[in-house]
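Presented below is the structure to which this report refers.
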Amino acid sequence: MSRRTIAIVVAGAVVVVVAAVLAVRSLGTTSRYEAPAPAADAAPAVEAAAEGPVDAALPPPAARVESVEGAVTIRRAGADSPVRPGASLEPDDILTTAADGRAVVRVDEETSVVLEAGTAVTWGAISDSLSSVQLDRGFLSASTGEQGGRVFRVQALDRTANVEASAGAFDVAGDGEQVAVAASSGEVTVESGGERVRVGGGSYTTVRRGERPRTPQQLPGSIVAEMFWPGDPSAEDGSRLVAERSVVVRGRLGGGLSGVLTIRNESTGQTVRVVTRPDGSFDTTLALAEDQDNALVVGGTAMGGPAIEEQRAVVAQDSTPPPLKVRIQ
């Protein structure tokens with residue numbers, strides 16, 4: 001082989017080696033124009049995006065009327081209409097029970113409210129932590145869930161007094177000037193006049209408009225109603241004689257407690273539920289059987305649970321007209 005040929009071969013080999021070295025270096029170096037490697041947390045972001053948009057917010061919970069007795073109406077947007085079981089209540093709805101009415105409202109799975117006769121409440125909104133009503137007048141009983149759950153609030157006296165509880169059962173009675181609160185179980189907070197008191201199970205308190213709540217008192221085991229029976233009690237058998245076909249029965253619960261009474265005429269079978277005023281006074285009209293003795297029986301339950309001891313009276317209705325007197329001159 002000539003020297004010229006050997007030189008050409010050597011030169012070619014050198015070129016091949018140099019090219020190989022450059023190729024190896026290029027494989028180990030990233031160009032500044034290449035896209036960077038994806039970040040470690042990019043995959044979760046893609047997965048989240050793949051899940052699509054978040055579902056729309058669920059509508060707020062709504063209270064529902066569970067049962068109705070007698071006449072119960074709802075005022076919505078200024079219009080009154082009868083209430084039927086299953087009806088939903090919206091904020092600012094006014095629910096009213098007539099003298100013969102009664103309604104049970106289910107607020108949620110843990111809280112229910114009973115509206116006794118002659119009661120009017122304005123319904124509030126329900127949130128995750130709070131549900132509320134405004135007691136315009138009358139008597140309501142509330143049963144709430146577990147401690148730390150949704151708080152149930154009753155506003156009274158034009159929202160100057162607040163009653164709150166998240167666990168237990170309590171009664172509230174009010175007439176616009178005074179409110180009475182009694183807890184049968186759990187604990188209730190009553191706030192008015194810048195002061196707050198706690199009412200435990202078996203205790204009660206009263207509040208007047210703009211004033212501080214009175215010191216809670218223990219509920220008695222039972223209560224005797226002071227009755228003012230109609231008629232003249234001068235009959236020999238102890239009955240009370242009246243000429244009217246209907247009479248007004250009046251009374252007052254001892255201790256000034258409010259409550260719900262039943263007054264029954266055993267002669268006619270008529271039974272009337274009567275809700276006292278916050279001071280414990282009450283009155284109602286009762287029909288009588290004509291020309292016979294009417295056995296009237298009064299009993300019931302005071303707020304917070306004490307029994308109202310049963311009392312009886314006999315009212316004799318006599319429709320015989322008085323003898324005609326003729327005066328001769």
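Labeling convention for the structure tokens: chains A, B, ... as they appear, residues from 1 per chain, ligands from 1 in order of appearance.
The list of residues with at least one atom within 7 Å of Arg76 of chain A, based on only C-alpha atoms and without residues fewer than 4 positions apart in the same chain, reads Asp80, Asp93 and Ile94 of chain A.
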Strand (DSSP E) residues, from DSSP on the backbone, in segment 110-313 of chain A, as a PyMOL selection string:
chain A and resi 112-115+120-126+130-144+151-156+161-165+168-174+178-192+195-200+203-208+217-218+222-223+225-228+240-242+246-253+259-265+271-275+281-287+293-302+307-313
Segment 224-236 of chain A: which residues within 6 Å, counting only C-alpha atoms, same-chain residues fewer than 6 positions away excluded, as a ChimeraX atom specification?
/A:242,249-254,308-309
Skipping near chain neighbours, those fewer than 3 positions away, what residues fall within 7 Å of segment 196-209 of chain A using only C-alpha atoms, listed as a list in words?
Leu157, Glu177, Gln178, Val179, Ala180, Val181, Ala182, Ala183, Ser184, Ser185, Gly186, Glu187, Val188, Thr189, Val190, Glu191, Ser192, Arg212, Pro213, Arg214, Thr215, Pro216, Gln217, Gln218, Leu219 and Gly304 of chain A
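Closest approach to Thr285 of chain A among A:Ala307, A:Thr160, A:Glu90, A:Ala99: A:Ala99, based on only C-alpha atoms.
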Of the candidates A:Ala316, A:Val172, A:Val275, A:Leu115, which one gets nearest to Ala295 of chain A if we count only C-alpha atoms?
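Smallest distance to Ala295 of chain A is found for A:Ala316.
The space between atom CA of Asp293 of chain A and atom CA of Asp237 of chain A spans 10.9 Å.
Minimum atom-to-atom distance to Asp279 of chain A, evaluated using only C-alpha atoms, belongs to A:Gly174 out of A:Gly174, A:Pro61, A:Gly148, A:Gly305.
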